[in-house]
$ cat work_10.cif   # mmCIF, C-alpha atoms
data_data
#
loop_
_atom_site.label_atom_id
_atom_site.label_comp_id
_atom_site.auth_asym_id
_atom_site.auth_seq_id
_atom_site.Cartn_x
_atom_site.Cartn_y
_atom_site.Cartn_z
CA MET A 1 25.41 -77.76 -53.28
CA LYS A 2 26.39 -80.91 -51.37
CA ILE A 3 24.87 -79.49 -48.17
CA LYS A 4 21.59 -78.65 -49.95
CA LYS A 5 21.45 -82.13 -51.44
CA ASP A 6 22.05 -83.65 -48.01
CA ILE A 7 19.25 -81.56 -46.48
CA PHE A 8 16.91 -82.49 -49.33
CA ILE A 9 17.57 -86.23 -48.94
CA LYS A 10 17.14 -86.12 -45.15
CA THR A 11 13.98 -84.03 -45.45
CA LEU A 12 12.48 -86.39 -48.01
CA PHE A 13 13.37 -89.47 -45.96
CA PHE A 14 11.94 -88.17 -42.70
CA MET A 15 8.86 -86.69 -44.38
CA VAL A 16 8.00 -90.14 -45.77
CA PHE A 17 8.96 -91.90 -42.55
CA ILE A 18 6.87 -89.56 -40.39
CA LYS A 19 3.93 -89.71 -42.81
CA ILE A 20 3.93 -93.51 -42.67
CA SER A 21 4.11 -93.41 -38.86
CA THR A 22 0.98 -91.24 -38.70
CA MET A 23 -0.99 -94.31 -39.81
CA CYS A 24 -0.26 -95.81 -36.40
CA LYS A 25 -2.81 -94.31 -33.99
CA LEU A 26 -1.73 -94.29 -30.34
CA SER A 27 -4.52 -92.62 -28.38
CA PHE A 28 -7.55 -90.38 -28.80
CA ILE A 29 -7.01 -86.67 -28.09
CA PHE A 30 -9.50 -85.70 -25.40
CA GLY A 31 -11.41 -82.56 -26.27
CA SER A 32 -11.28 -83.15 -30.03
CA LYS A 33 -13.95 -84.81 -32.16
CA PHE A 34 -11.79 -87.11 -34.25
CA ALA A 35 -8.09 -86.42 -33.63
CA PHE A 36 -5.62 -89.03 -32.42
CA LEU A 37 -2.03 -88.99 -31.26
CA SER A 38 -0.13 -90.92 -33.91
CA GLY A 39 3.21 -92.61 -34.34
CA SER A 40 4.65 -89.29 -35.51
CA THR A 41 5.04 -88.38 -31.82
CA THR A 42 7.84 -90.96 -31.73
CA THR A 43 9.33 -90.31 -35.17
CA MET A 44 9.40 -86.49 -35.39
CA PRO A 45 11.96 -86.19 -32.54
CA LEU A 46 14.28 -88.48 -34.52
CA SER A 47 14.45 -85.91 -37.32
CA GLY A 48 16.04 -83.54 -34.83
CA ALA A 49 18.37 -86.19 -33.45
CA PHE A 50 19.66 -87.50 -36.80
CA ALA A 51 18.94 -84.79 -39.38
CA GLY A 52 19.18 -81.57 -37.39
CA GLY A 53 16.95 -78.64 -36.53
CA THR A 54 16.93 -77.22 -40.06
CA VAL A 55 15.44 -80.40 -41.50
CA SER A 56 12.91 -80.58 -38.64
CA PHE A 57 11.81 -77.00 -39.31
CA ILE A 58 11.45 -77.65 -43.05
CA ILE A 59 9.32 -80.73 -42.31
CA PHE A 60 7.19 -78.65 -39.93
CA VAL A 61 6.61 -75.91 -42.52
CA LEU A 62 5.86 -78.38 -45.32
CA SER A 63 3.47 -80.40 -43.13
CA LEU A 64 1.65 -77.25 -42.05
CA ALA A 65 1.44 -76.03 -45.66
CA ILE A 66 0.05 -79.37 -46.87
CA ARG A 67 -2.53 -79.29 -44.07
CA TYR A 68 -3.58 -75.73 -44.99
CA VAL A 69 -3.89 -76.48 -48.71
CA THR A 70 -5.75 -79.75 -48.09
CA PHE A 71 -8.08 -78.90 -45.21
CA GLY A 72 -7.49 -75.28 -44.28
CA PHE A 73 -7.43 -74.06 -40.67
CA SER A 74 -10.81 -74.13 -38.97
CA SER A 75 -9.21 -73.15 -35.66
CA LEU A 76 -5.80 -72.36 -34.23
CA HIS A 77 -6.00 -75.57 -32.17
CA VAL A 78 -4.70 -77.30 -35.33
CA LEU A 79 -1.27 -75.94 -34.39
CA ALA A 80 -1.32 -78.32 -31.41
CA PHE A 81 -0.89 -81.18 -33.90
CA TYR A 82 2.29 -79.72 -35.44
CA VAL A 83 4.16 -77.30 -33.16
CA PRO A 84 4.79 -79.81 -30.30
CA GLY A 85 6.60 -82.21 -32.62
CA LEU A 86 8.87 -79.40 -33.77
CA PHE A 87 9.88 -78.61 -30.19
CA SER A 88 10.49 -82.27 -29.38
CA ALA A 89 12.82 -82.39 -32.40
CA PHE A 90 14.52 -79.15 -31.33
CA TYR A 91 15.16 -80.74 -27.94
CA PHE A 92 17.46 -83.25 -29.62
CA SER A 93 18.91 -80.77 -32.13
CA TYR A 94 19.78 -77.88 -29.85
CA LYS A 95 21.15 -78.96 -26.49
CA ASN A 96 20.87 -75.52 -24.92
CA ILE A 97 19.18 -73.96 -21.92
CA PHE A 98 16.37 -72.40 -23.97
CA PHE A 99 14.86 -75.56 -25.44
CA ARG A 100 15.71 -77.86 -22.54
CA LEU A 101 14.94 -75.65 -19.54
CA MET A 102 13.21 -72.39 -20.46
CA ILE A 103 10.51 -73.92 -22.70
CA PRO A 104 9.02 -76.23 -20.03
CA ILE A 105 9.15 -73.44 -17.42
CA LEU A 106 7.52 -70.99 -19.83
CA CYS A 107 4.80 -73.54 -20.61
CA ILE A 108 4.04 -73.96 -16.90
CA VAL A 109 3.72 -70.19 -16.51
CA LEU A 110 1.49 -69.81 -19.58
CA PHE A 111 -0.70 -72.75 -18.56
CA ILE A 112 -1.25 -71.45 -15.02
CA ALA A 113 -1.86 -67.93 -16.39
CA HIS A 114 -5.05 -69.25 -18.00
CA PRO A 115 -8.06 -69.33 -15.60
CA THR A 116 -8.73 -73.02 -16.28
CA GLY A 117 -5.02 -73.81 -16.07
CA LEU A 118 -4.82 -72.13 -12.67
CA GLN A 119 -7.57 -74.46 -11.41
CA ALA A 120 -5.80 -77.46 -12.96
CA PHE A 121 -2.27 -76.34 -12.02
CA ALA A 122 -1.24 -79.88 -10.98
CA TYR A 123 -1.52 -80.93 -14.63
CA SER A 124 1.48 -78.73 -15.46
CA LEU A 125 3.66 -80.47 -12.85
CA PHE A 126 4.49 -83.11 -15.48
CA TRP A 127 6.65 -80.47 -17.13
CA LEU A 128 8.91 -80.20 -14.13
CA ILE A 129 10.34 -83.58 -15.16
CA PRO A 130 12.29 -82.10 -18.14
CA VAL A 131 13.52 -79.39 -15.77
CA GLY A 132 14.81 -82.04 -13.36
CA ILE A 133 16.38 -84.00 -16.22
CA TYR A 134 18.18 -80.85 -17.38
CA PHE A 135 19.84 -80.37 -13.99
CA MET A 136 20.75 -84.05 -13.74
CA ARG A 137 23.19 -83.53 -16.62
CA LEU A 138 23.14 -87.20 -17.56
CA LYS A 139 23.82 -88.54 -21.04
CA ASN A 140 20.91 -90.93 -21.17
CA VAL A 141 18.86 -91.51 -24.31
CA PHE A 142 15.75 -92.64 -22.46
CA LEU A 143 15.74 -89.56 -20.20
CA ASP A 144 16.19 -87.36 -23.27
CA ALA A 145 13.30 -89.18 -24.95
CA LEU A 146 11.12 -88.66 -21.88
CA ALA A 147 12.03 -85.00 -21.61
CA SER A 148 11.42 -84.36 -25.32
CA THR A 149 7.96 -85.94 -25.30
CA LEU A 150 6.98 -84.06 -22.14
CA ILE A 151 8.12 -80.79 -23.70
CA ALA A 152 6.00 -81.64 -26.73
CA HIS A 153 3.12 -82.30 -24.34
CA ALA A 154 3.73 -78.99 -22.58
CA VAL A 155 3.73 -76.97 -25.81
CA GLY A 156 0.66 -78.80 -27.11
CA SER A 157 -1.23 -78.35 -23.85
CA VAL A 158 -0.58 -74.61 -23.77
CA ILE A 159 -1.87 -74.23 -27.34
CA TRP A 160 -4.85 -76.46 -26.49
CA ILE A 161 -5.91 -74.62 -23.34
CA TYR A 162 -5.96 -71.28 -25.17
CA THR A 163 -7.85 -72.59 -28.21
CA VAL A 164 -10.15 -75.35 -26.92
CA ASP A 165 -12.71 -74.99 -24.13
CA MET A 166 -12.08 -77.71 -21.52
CA SER A 167 -12.86 -77.85 -17.82
CA ALA A 168 -10.26 -78.16 -15.06
CA HIS A 169 -11.86 -81.48 -14.13
CA ALA A 170 -11.14 -82.79 -17.64
CA TYR A 171 -7.45 -81.96 -17.25
CA TYR A 172 -7.28 -83.70 -13.88
CA SER A 173 -9.01 -86.78 -15.28
CA LEU A 174 -6.37 -86.94 -18.02
CA MET A 175 -3.38 -87.07 -15.67
CA PRO A 176 -3.22 -90.89 -15.36
CA VAL A 177 -3.60 -91.16 -19.15
CA VAL A 178 -0.80 -88.64 -19.73
CA PHE A 179 1.55 -90.56 -17.44
CA PHE A 180 1.25 -93.87 -19.32
CA GLU A 181 0.92 -92.19 -22.72
CA ARG A 182 4.15 -90.20 -22.38
CA LEU A 183 6.00 -93.15 -20.91
CA THR A 184 4.96 -95.25 -23.91
CA ILE A 185 6.00 -92.56 -26.37
CA ALA A 186 9.36 -92.16 -24.60
CA CYS A 187 9.95 -95.91 -24.91
CA GLY A 188 9.10 -95.70 -28.61
CA ILE A 189 11.53 -92.83 -29.17
CA PHE A 190 14.22 -94.69 -27.21
CA VAL A 191 13.86 -97.90 -29.25
CA LEU A 192 13.76 -96.09 -32.60
CA TYR A 193 16.74 -93.95 -31.59
CA LYS A 194 18.78 -97.07 -30.83
CA VAL A 195 17.76 -98.66 -34.15
CA PHE A 196 18.64 -95.52 -36.13
CA ASN A 197 21.91 -95.11 -34.29
CA TYR A 198 22.84 -98.74 -34.98
CA LEU A 199 22.03 -98.40 -38.68
CA LYS A 200 23.90 -95.10 -38.87
CA ASN A 201 27.04 -96.67 -37.43
CA LEU A 202 26.98 -99.63 -39.79
CA SER A 203 29.72 -99.34 -42.37
CA LEU A 204 29.28 -100.37 -45.99
CA THR A 205 31.57 -103.34 -45.34
CA ASP A 206 29.35 -104.47 -42.45
CA LEU A 207 26.33 -104.25 -44.72
CA LYS A 208 28.05 -106.35 -47.39
CA ILE A 209 29.08 -108.97 -44.83
CA ALA A 210 25.57 -109.08 -43.37
CA SER A 211 24.05 -109.40 -46.86
CA ALA A 212 26.47 -112.18 -47.78
CA LYS A 213 25.68 -114.11 -44.57
CA TYR A 214 21.96 -113.68 -45.15
CA LEU A 215 22.21 -114.97 -48.73
CA GLU A 216 24.42 -117.86 -47.60
CA ALA A 217 21.86 -118.81 -44.96
CA ARG A 218 19.02 -118.64 -47.43
CA LEU A 219 20.89 -120.80 -49.98
CA ALA A 220 21.77 -123.32 -47.29
CA LYS A 221 18.06 -123.92 -46.74
#

$ encode --input "work_10.cif" --output "structure tokens"
Amino acid sequence: MKIKKDIFIKTLFFMVFIKISTMCKLSFIFGSKFAFLSGSTTTMPLSGAFAGGTVSFIIFVLSLAIRYVTFGFSSLHVLAFYVPGLFSAFYFSYKNIFFRLMIPILCIVLFIAHPTGLQAFAYSLFWLIPVGIYFMRLKNVFLDALASTLIAHAVGSVIWIYTVDMSAHAYYSLMPVVFFERLTIACGIFVLYKVFNYLKNLSLTDLKIASAKYLEARLAK
């Protein structure tokens, strides 16, 4: 019962947190008519890091269900807005060879297997970065953040290329955008991770002391 309550609380918290973050639009998704990358690209991975894969999966299912009930699915490309976030969260939850090494390699293979992807094969080279990070074996939050967002990009791109008609030229023109976009998202994940980790490690006593100092400072004014 305690475990279920813990999962419920974490799911509710991150559902609200991620929903609020979607209001922050980061960049337009090329090839779509009105879709944008939102702040959820930086917050969804945190659910995997601090709440675990089970909570991340529940959030994914609930978000997909809400989308279906509210708008329906006009095309399978809608999955590109939800599945990538799940895999970025799984990157933090499950530190194994499948999610950290096999997924980016599989995405490269699937992307190049598509006729357009074969012409734009250089686009998939971004996904070699998580592969390199895996073999570096370093405990570095920023590198993990970078790898997780690039894996999300890999999964999303594979779904996109098989569901949305785009030219190889369009993919090549996006490469500079992808570089700065993913670097920005990685920085966002890194900063939020540090904030969450700091708050997580704060003891109740620390919170009481901080609150007392804050009140004392306010009264002194």

$ atom_distance --input "work_10.cif" --atom1 "CA of Leu174 in chain A" --atom2 "CA of Ser21 in chain A"
24.2 Å

$ closest_residue --input "work_10.cif" --among "A:Lys5, A:Tyr198, A:Leu183, A:Arg100" --to "Leu128 in chain A" --atoms "only C-alpha atoms"
A:Arg100

$ resolve_selection --input "work_10.cif" --expression "the PyMOL selection byres ((chain A and resi 7) around 12)" --output "PDB file with C-alpha atoms, keeping the file's coordinate frame"
ATOM      1  CA  MET A   1      25.410 -77.760 -53.280  1.00  0.00           C
ATOM      2  CA  LYS A   2      26.390 -80.910 -51.370  1.00  0.00           C
ATOM      3  CA  ILE A   3      24.870 -79.490 -48.170  1.00  0.00           C
ATOM      4  CA  LYS A   4      21.590 -78.650 -49.950  1.00  0.00           C
ATOM      5  CA  LYS A   5      21.450 -82.130 -51.440  1.00  0.00           C
ATOM      6  CA  ASP A   6      22.050 -83.650 -48.010  1.00  0.00           C
ATOM      7  CA  PHE A   8      16.910 -82.490 -49.330  1.00  0.00           C
ATOM      8  CA  ILE A   9      17.570 -86.230 -48.940  1.00  0.00           C
ATOM      9  CA  LYS A  10      17.140 -86.120 -45.150  1.00  0.00           C
ATOM     10  CA  THR A  11      13.980 -84.030 -45.450  1.00  0.00           C
ATOM     11  CA  LEU A  12      12.480 -86.390 -48.010  1.00  0.00           C
ATOM     12  CA  PHE A  13      13.370 -89.470 -45.960  1.00  0.00           C
ATOM     13  CA  PHE A  14      11.940 -88.170 -42.700  1.00  0.00           C
ATOM     14  CA  MET A  15       8.860 -86.690 -44.380  1.00  0.00           C
ATOM     15  CA  SER A  47      14.450 -85.910 -37.320  1.00  0.00           C
ATOM     16  CA  PHE A  50      19.660 -87.500 -36.800  1.00  0.00           C
ATOM     17  CA  ALA A  51      18.940 -84.790 -39.380  1.00  0.00           C
ATOM     18  CA  GLY A  52      19.180 -81.570 -37.390  1.00  0.00           C
ATOM     19  CA  GLY A  53      16.950 -78.640 -36.530  1.00  0.00           C
ATOM     20  CA  THR A  54      16.930 -77.220 -40.060  1.00  0.00           C
ATOM     21  CA  VAL A  55      15.440 -80.400 -41.500  1.00  0.00           C
ATOM     22  CA  SER A  56      12.910 -80.580 -38.640  1.00  0.00           C
ATOM     23  CA  PHE A  57      11.810 -77.000 -39.310  1.00  0.00           C
ATOM     24  CA  ILE A  58      11.450 -77.650 -43.050  1.00  0.00           C
ATOM     25  CA  ILE A  59       9.320 -80.730 -42.310  1.00  0.00           C
TER      26      ILE A  59
END

$ closest_residue --input "work_10.cif" --among "A:Tyr134, A:Tyr171, A:Phe73, A:Phe17" --to "Ala120 in chain A" --atoms "all atoms listed in the file"
A:Tyr171

$ atom_distance --input "work_10.cif" --atom1 "CA of Glu181 in chain A" --atom2 "CA of Val109 in chain A"
23.0 Å

$ closest_residue --input "work_10.cif" --among "A:Asn197, A:Asn140, A:Ser148, A:Ser157" --to "Tyr123 in chain A" --atoms "only C-alpha atoms"
A:Ser157

$ closest_residue --input "work_10.cif" --among "A:Ala49, A:Asn201, A:Met166, A:Arg137" --to "Ser93 in chain A" --atoms "all atoms listed in the file"
A:Ala49

$ atom_distance --input "work_10.cif" --atom1 "CA of Ile129 in chain A" --atom2 "CA of Pro115 in chain A"
23.3 Å

$ resolve_selection --input "work_10.cif" --expression "the PyMOL selection byres ((chain A and resi 85-91) around 6)" --output "list in words"
Met44, Pro45, Gly48, Gly53, Tyr82, Val83, Pro84, Phe92, Ser93, Tyr94, Phe99, Ser148 and Ala152 of chain A

$ residues_near_point --input "work_10.cif" --point "(0.8, -78.0, -14.7)" --cutoff "10 Å" --atoms "all atoms listed in the file" --output "ChimeraX atom specification"
/A:104-105,107-112,117-128,154,157-158,171-172

$ closest_residue --input "work_10.cif" --among "A:Leu79, A:Ala170, A:Ile151, A:Leu146" --to "Cys187 in chain A" --atoms "all atoms listed in the file"
A:Leu146

$ resolve_selection --input "work_10.cif" --expression "the PyMOL selection byres ((chain A and resi 74-76) around 12)" --output "VMD selection string"
chain A and resid 32 64 67 to 68 70 to 73 77 to 83 156 158 to 164

$ closest_residue --input "work_10.cif" --among "A:Thr22, A:Ser40, A:Ser173, A:Ser167" --to "Gly188 in chain A" --atoms "all atoms listed in the file"
A:Ser40
